[in-house]
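See structure below.
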Amino acid sequence: MNEPDVSWSGSAYLDSNHGSEPIEDGFRDWHWSRAHAGKDIAVVYEGNRRDGSHFASLLRFDASGTPHEEELPLVAPLPPTLWAMKRQTRADRGHATVRKTWEDSPFYARSTLDMRIFGKPVTAVQESISLDRLINPVVQFMLPYKMPRE
């Protein structure tokens, strides 16, 4: 960026959600993680749709950015957050540990994990969201105070 005079270096990701209905109409919850495993990037998505069906996938992106669907490793349960949010990921041998929780709210958590994927030790970014909690009237009342808007 030229204005303001700011620059960044290192790894990053950009994501977004897009759909024809509010996100809470289609999903009850999901867990997501992303990790660099050498020259590959592992992305795990898992959750439950509002209709009761379950989804789960592991994509390995190679150095060229091409995605490859991989066999899902075991579920790696993680300890609940201070708000008692359930969270999990997938990892080799079904084991991961929370290094640090960056965001802990009644309906959302983001953490850094230590785990193994594709046989390699990795640091992962992990997110869990409960849309059932998000639509709870108490949480809806708290949102303007937790995430104020102009």
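By convention here, the chains of the structure tokens are called A, B, ... in the order presented, each chain's residues are numbered starting at 1, and ligands are numbered starting at 1 in the order presented.
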Among region 7-148 of chain A, which residues does DSSP mark as strand (DSSP E) when it is run on the backbone? Keep the chain and numbering as in the structure and answer as an MDAnalysis selection string. chainID A and resid 27:37 40:49 54:61 67:70 74:78 87:91 96:104 108:117 120:130
Selection export as a PDB file, in the first residue's frame, atoms kept: C-alpha atoms:
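File written: out_12.pdb
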```
ATOM      1  CA  PHE A  27     -25.846 -24.181   9.310  1.00  0.00           C
ATOM      2  CA  ARG A  28     -25.977 -25.159  12.990  1.00  0.00           C
ATOM      3  CA  ASP A  29     -22.192 -25.100  13.505  1.00  0.00           C
ATOM      4  CA  TRP A  30     -18.836 -25.694  11.881  1.00  0.00           C
ATOM      5  CA  HIS A  31     -15.145 -26.081  12.600  1.00  0.00           C
ATOM      6  CA  TRP A  32     -12.421 -24.926  10.228  1.00  0.00           C
ATOM      7  CA  SER A  33      -8.641 -25.066  10.317  1.00  0.00           C
ATOM      8  CA  ARG A  34      -5.727 -24.156   8.059  1.00  0.00           C
ATOM      9  CA  ALA A  35      -2.074 -25.168   8.354  1.00  0.00           C
ATOM     10  CA  HIS A  36       1.124 -24.973   6.317  1.00  0.00           C
ATOM     11  CA  ALA A  37       2.602 -28.467   5.986  1.00  0.00           C
ATOM     12  CA  ASP A  40       1.375 -27.869   1.077  1.00  0.00           C
ATOM     13  CA  ILE A  41      -1.525 -26.202   2.867  1.00  0.00           C
ATOM     14  CA  ALA A  42      -4.143 -28.269   4.673  1.00  0.00           C
ATOM     15  CA  VAL A  43      -7.685 -26.928   5.030  1.00  0.00           C
ATOM     16  CA  VAL A  44     -10.267 -28.838   7.071  1.00  0.00           C
ATOM     17  CA  TYR A  45     -13.992 -27.974   7.085  1.00  0.00           C
ATOM     18  CA  GLU A  46     -16.491 -29.878   9.193  1.00  0.00           C
ATOM     19  CA  GLY A  47     -19.911 -29.121  10.568  1.00  0.00           C
ATOM     20  CA  ASN A  48     -23.640 -29.648  10.679  1.00  0.00           C
ATOM     21  CA  ARG A  49     -26.241 -28.185   8.371  1.00  0.00           C
ATOM     22  CA  HIS A  54     -23.076 -33.515   8.411  1.00  0.00           C
ATOM     23  CA  PHE A  55     -20.221 -32.426   6.135  1.00  0.00           C
ATOM     24  CA  ALA A  56     -16.458 -32.843   6.418  1.00  0.00           C
ATOM     25  CA  SER A  57     -13.536 -32.459   4.040  1.00  0.00           C
ATOM     26  CA  LEU A  58      -9.761 -32.128   4.000  1.00  0.00           C
ATOM     27  CA  LEU A  59      -8.195 -30.304   1.062  1.00  0.00           C
ATOM     28  CA  ARG A  60      -4.462 -30.227   0.433  1.00  0.00           C
ATOM     29  CA  PHE A  61      -3.365 -27.303  -1.714  1.00  0.00           C
ATOM     30  CA  PRO A  67      -6.587 -28.485  -4.401  1.00  0.00           C
ATOM     31  CA  HIS A  68      -6.498 -32.237  -3.769  1.00  0.00           C
ATOM     32  CA  GLU A  69      -9.155 -33.973  -1.672  1.00  0.00           C
ATOM     33  CA  GLU A  70      -7.503 -36.121   1.002  1.00  0.00           C
ATOM     34  CA  LEU A  74      -9.297 -38.650  13.064  1.00  0.00           C
ATOM     35  CA  VAL A  75     -11.303 -36.041  14.970  1.00  0.00           C
ATOM     36  CA  ALA A  76      -9.051 -34.159  17.393  1.00  0.00           C
ATOM     37  CA  PRO A  77     -11.259 -32.831  20.199  1.00  0.00           C
ATOM     38  CA  LEU A  78     -10.105 -29.585  21.780  1.00  0.00           C
ATOM     39  CA  ARG A  87     -14.412 -26.968  19.219  1.00  0.00           C
ATOM     40  CA  GLN A  88     -12.487 -29.606  17.301  1.00  0.00           C
ATOM     41  CA  THR A  89     -10.261 -30.210  14.319  1.00  0.00           C
ATOM     42  CA  ARG A  90      -8.891 -33.198  12.395  1.00  0.00           C
ATOM     43  CA  ALA A  91      -5.273 -34.280  12.837  1.00  0.00           C
ATOM     44  CA  ALA A  96      -4.035 -31.465  18.684  1.00  0.00           C
ATOM     45  CA  THR A  97      -3.298 -28.985  21.464  1.00  0.00           C
ATOM     46  CA  VAL A  98      -4.379 -25.376  21.830  1.00  0.00           C
ATOM     47  CA  ARG A  99      -1.388 -23.034  21.882  1.00  0.00           C
ATOM     48  CA  LYS A 100      -3.426 -19.837  22.277  1.00  0.00           C
ATOM     49  CA  THR A 101      -7.049 -18.773  21.950  1.00  0.00           C
ATOM     50  CA  TRP A 102      -7.248 -15.417  20.167  1.00  0.00           C
ATOM     51  CA  GLU A 103     -11.001 -14.889  20.134  1.00  0.00           C
ATOM     52  CA  ASP A 104     -13.443 -16.348  22.646  1.00  0.00           C
ATOM     53  CA  TYR A 108     -17.233 -18.063  18.072  1.00  0.00           C
ATOM     54  CA  ALA A 109     -13.648 -19.035  18.881  1.00  0.00           C
ATOM     55  CA  ARG A 110     -10.351 -18.665  16.991  1.00  0.00           C
ATOM     56  CA  SER A 111      -7.208 -20.383  18.206  1.00  0.00           C
ATOM     57  CA  THR A 112      -3.682 -21.391  17.266  1.00  0.00           C
ATOM     58  CA  LEU A 113      -3.042 -25.139  17.498  1.00  0.00           C
ATOM     59  CA  ASP A 114      -0.037 -27.442  17.510  1.00  0.00           C
ATOM     60  CA  MET A 115      -0.721 -30.706  15.685  1.00  0.00           C
ATOM     61  CA  ARG A 116       0.425 -33.079  12.937  1.00  0.00           C
ATOM     62  CA  ILE A 117      -1.069 -33.343   9.456  1.00  0.00           C
ATOM     63  CA  LYS A 120       4.341 -33.229   9.614  1.00  0.00           C
ATOM     64  CA  PRO A 121       4.239 -31.116  12.786  1.00  0.00           C
ATOM     65  CA  VAL A 122       2.327 -27.900  12.041  1.00  0.00           C
ATOM     66  CA  THR A 123       0.904 -24.796  13.618  1.00  0.00           C
ATOM     67  CA  ALA A 124      -2.718 -24.316  12.575  1.00  0.00           C
ATOM     68  CA  VAL A 125      -5.307 -21.565  12.808  1.00  0.00           C
ATOM     69  CA  GLN A 126      -8.629 -23.043  13.934  1.00  0.00           C
ATOM     70  CA  GLU A 127     -12.115 -21.539  14.142  1.00  0.00           C
ATOM     71  CA  SER A 128     -15.371 -22.861  15.570  1.00  0.00           C
ATOM     72  CA  ILE A 129     -18.759 -21.211  15.311  1.00  0.00           C
ATOM     73  CA  SER A 130     -22.145 -22.093  16.767  1.00  0.00           C
TER      74      SER A 130
END
```
Find the spatial neighbours of Pro106 (chain A), counting only C-alpha atoms, within a cut-off of 8 Å - ignore same-chain residues fewer than 5 positions away - and output them as a PDB file with N, CA and C atoms, in the first residue's frame.
```
ATOM      1  N   TRP A  83     -16.182 -19.683  27.318  1.00  0.00           N
ATOM      2  CA  TRP A  83     -17.621 -19.578  27.103  1.00  0.00           C
ATOM      3  C   TRP A  83     -18.242 -20.954  26.861  1.00  0.00           C
ATOM      4  N   ALA A  84     -17.471 -22.014  27.087  1.00  0.00           N
ATOM      5  CA  ALA A  84     -17.921 -23.399  26.909  1.00  0.00           C
ATOM      6  C   ALA A  84     -18.285 -23.713  25.464  1.00  0.00           C
ATOM      7  N   MET A  85     -17.615 -23.049  24.526  1.00  0.00           N
ATOM      8  CA  MET A  85     -17.800 -23.352  23.105  1.00  0.00           C
ATOM      9  C   MET A  85     -17.144 -24.688  22.799  1.00  0.00           C
ATOM     10  N   ARG A 133     -26.006 -20.686  18.866  1.00  0.00           N
ATOM     11  CA  ARG A 133     -25.709 -19.693  19.903  1.00  0.00           C
ATOM     12  C   ARG A 133     -25.829 -18.274  19.354  1.00  0.00           C
ATOM     13  N   LEU A 134     -25.388 -18.070  18.119  1.00  0.00           N
ATOM     14  CA  LEU A 134     -25.454 -16.728  17.527  1.00  0.00           C
ATOM     15  C   LEU A 134     -26.882 -16.201  17.501  1.00  0.00           C
ATOM     16  N   VAL A 139     -27.507 -13.505  23.145  1.00  0.00           N
ATOM     17  CA  VAL A 139     -26.301 -13.193  22.372  1.00  0.00           C
ATOM     18  C   VAL A 139     -26.591 -12.041  21.404  1.00  0.00           C
TER      19      VAL A 139
END
```
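Counting only C-alpha atoms and comparing A:Leu131, A:Lys39, A:Ser53, A:Gly119, the residue that lies closest to Thr66 (chain A) is A:Lys39.
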Run DSSP on the backbone of this structure and report the residues of chain A it assigns to alpha helix (DSSP H), as number ranges by chain. A: 23-26, 131-134, 137-146
Take the residues that were just selected and, keeping all heavy atoms, output them as a short mmCIF file (atom, residue, chain, number, x, y, z; two decimals), in the first residue's frame.
```
data_model
loop_
_atom_site.label_atom_id
_atom_site.label_comp_id
_atom_site.auth_asym_id
_atom_site.auth_seq_id
_atom_site.Cartn_x
_atom_site.Cartn_y
_atom_site.Cartn_z
N ILE A 23 -26.47 -16.95 7.07
CA ILE A 23 -25.64 -18.12 7.35
C ILE A 23 -26.28 -19.04 8.38
O ILE A 23 -26.18 -20.26 8.29
CB ILE A 23 -24.22 -17.67 7.73
CG1 ILE A 23 -23.24 -18.81 7.58
CG2 ILE A 23 -24.19 -17.06 9.11
CD1 ILE A 23 -21.80 -18.36 7.62
N GLU A 24 -26.96 -18.46 9.36
CA GLU A 24 -27.58 -19.27 10.41
C GLU A 24 -28.78 -20.06 9.91
O GLU A 24 -29.22 -21.00 10.57
CB GLU A 24 -27.97 -18.40 11.62
CG GLU A 24 -29.02 -17.37 11.35
CD GLU A 24 -28.46 -16.03 10.87
OE1 GLU A 24 -27.27 -15.95 10.48
OE2 GLU A 24 -29.22 -15.05 10.89
N ASP A 25 -29.33 -19.72 8.74
CA ASP A 25 -30.44 -20.50 8.17
C ASP A 25 -29.95 -21.81 7.58
O ASP A 25 -30.71 -22.78 7.50
CB ASP A 25 -31.16 -19.70 7.08
CG ASP A 25 -31.98 -18.55 7.63
OD1 ASP A 25 -32.07 -18.40 8.87
OD2 ASP A 25 -32.54 -17.79 6.81
N GLY A 26 -28.71 -21.87 7.17
CA GLY A 26 -28.19 -23.08 6.53
C GLY A 26 -27.35 -23.97 7.41
O GLY A 26 -27.19 -25.16 7.13
N LEU A 131 -23.89 -21.39 15.23
CA LEU A 131 -24.93 -20.49 14.75
C LEU A 131 -26.17 -20.58 15.64
O LEU A 131 -26.93 -19.62 15.74
CB LEU A 131 -25.28 -20.78 13.29
CG LEU A 131 -24.24 -20.34 12.26
CD1 LEU A 131 -23.80 -18.92 12.45
CD2 LEU A 131 -23.10 -21.26 12.09
N ASP A 132 -26.38 -21.73 16.32
CA ASP A 132 -27.47 -21.82 17.30
C ASP A 132 -27.25 -20.82 18.42
O ASP A 132 -28.18 -20.15 18.87
CB ASP A 132 -27.56 -23.23 17.89
CG ASP A 132 -28.16 -24.23 16.92
OD1 ASP A 132 -28.73 -23.83 15.89
OD2 ASP A 132 -28.05 -25.45 17.20
N ARG A 133 -26.01 -20.69 18.87
CA ARG A 133 -25.71 -19.69 19.90
C ARG A 133 -25.83 -18.27 19.35
O ARG A 133 -26.31 -17.39 20.05
CB ARG A 133 -24.31 -19.91 20.46
CG ARG A 133 -24.20 -21.09 21.38
CD ARG A 133 -22.79 -21.21 21.88
NE ARG A 133 -22.71 -22.11 23.01
CZ ARG A 133 -21.80 -22.00 23.97
NH1 ARG A 133 -20.90 -21.03 23.94
NH2 ARG A 133 -21.78 -22.85 24.95
N LEU A 134 -25.39 -18.07 18.12
CA LEU A 134 -25.45 -16.73 17.53
C LEU A 134 -26.88 -16.20 17.50
O LEU A 134 -27.12 -15.02 17.77
CB LEU A 134 -24.88 -16.74 16.11
CG LEU A 134 -25.03 -15.44 15.32
CD1 LEU A 134 -24.24 -14.31 15.96
CD2 LEU A 134 -24.63 -15.64 13.88
N PRO A 137 -31.39 -15.04 21.59
CA PRO A 137 -31.73 -13.64 21.86
C PRO A 137 -30.77 -12.93 22.83
O PRO A 137 -30.50 -11.75 22.68
CB PRO A 137 -33.14 -13.70 22.46
CG PRO A 137 -33.71 -14.98 21.92
CD PRO A 137 -32.55 -15.93 21.80
N VAL A 138 -30.23 -13.64 23.80
CA VAL A 138 -29.29 -13.03 24.75
C VAL A 138 -28.01 -12.62 24.01
O VAL A 138 -27.48 -11.52 24.21
CB VAL A 138 -28.97 -13.98 25.92
CG1 VAL A 138 -27.88 -13.42 26.81
CG2 VAL A 138 -30.23 -14.28 26.72
N VAL A 139 -27.51 -13.50 23.15
CA VAL A 139 -26.30 -13.19 22.37
C VAL A 139 -26.59 -12.04 21.40
O VAL A 139 -25.77 -11.13 21.26
CB VAL A 139 -25.78 -14.44 21.63
CG1 VAL A 139 -24.65 -14.09 20.68
CG2 VAL A 139 -25.33 -15.50 22.63
N GLN A 140 -27.74 -12.06 20.75
CA GLN A 140 -28.10 -10.97 19.84
C GLN A 140 -28.12 -9.63 20.57
O GLN A 140 -27.67 -8.62 20.04
CB GLN A 140 -29.46 -11.25 19.19
CG GLN A 140 -29.43 -12.35 18.16
CD GLN A 140 -28.66 -11.94 16.93
OE1 GLN A 140 -28.96 -10.94 16.30
NE2 GLN A 140 -27.65 -12.72 16.59
N PHE A 141 -28.62 -9.62 21.82
CA PHE A 141 -28.63 -8.40 22.62
C PHE A 141 -27.21 -7.92 22.90
O PHE A 141 -26.93 -6.73 22.90
CB PHE A 141 -29.39 -8.64 23.93
CG PHE A 141 -29.32 -7.48 24.88
CD1 PHE A 141 -30.13 -6.36 24.69
CD2 PHE A 141 -28.43 -7.48 25.94
CE1 PHE A 141 -30.06 -5.27 25.55
CE2 PHE A 141 -28.35 -6.40 26.81
CZ PHE A 141 -29.16 -5.30 26.61
N MET A 142 -26.27 -8.87 23.13
CA MET A 142 -24.89 -8.51 23.49
C MET A 142 -24.06 -8.05 22.29
O MET A 142 -23.06 -7.36 22.47
CB MET A 142 -24.19 -9.71 24.14
CG MET A 142 -24.75 -10.05 25.49
SD MET A 142 -23.96 -11.46 26.37
CE MET A 142 -22.93 -12.26 25.22
N LEU A 143 -24.42 -8.43 21.07
CA LEU A 143 -23.60 -8.14 19.89
C LEU A 143 -23.22 -6.67 19.72
O LEU A 143 -22.06 -6.38 19.43
CB LEU A 143 -24.27 -8.66 18.62
CG LEU A 143 -24.13 -10.15 18.36
CD1 LEU A 143 -24.93 -10.54 17.13
CD2 LEU A 143 -22.69 -10.57 18.23
N PRO A 144 -24.13 -5.73 19.89
CA PRO A 144 -23.72 -4.33 19.69
C PRO A 144 -22.64 -3.88 20.68
O PRO A 144 -21.88 -2.96 20.38
CB PRO A 144 -25.01 -3.53 19.93
CG PRO A 144 -26.11 -4.50 19.72
CD PRO A 144 -25.57 -5.83 20.12
N TYR A 145 -22.53 -4.54 21.82
CA TYR A 145 -21.52 -4.17 22.81
C TYR A 145 -20.20 -4.89 22.55
O TYR A 145 -19.14 -4.34 22.77
CB TYR A 145 -22.03 -4.50 24.22
CG TYR A 145 -23.33 -3.80 24.50
CD1 TYR A 145 -24.54 -4.50 24.42
CD2 TYR A 145 -23.37 -2.44 24.78
CE1 TYR A 145 -25.74 -3.87 24.63
CE2 TYR A 145 -24.58 -1.79 24.99
CZ TYR A 145 -25.76 -2.51 24.93
OH TYR A 145 -26.95 -1.87 25.13
N LYS A 146 -20.29 -6.13 22.03
CA LYS A 146 -19.10 -6.92 21.72
C LYS A 146 -18.48 -6.45 20.39
O LYS A 146 -17.28 -6.41 20.25
CB LYS A 146 -19.48 -8.41 21.63
CG LYS A 146 -18.39 -9.34 21.21
CD LYS A 146 -17.37 -9.55 22.28
CE LYS A 146 -16.34 -10.58 21.82
NZ LYS A 146 -15.14 -10.56 22.54
#
```
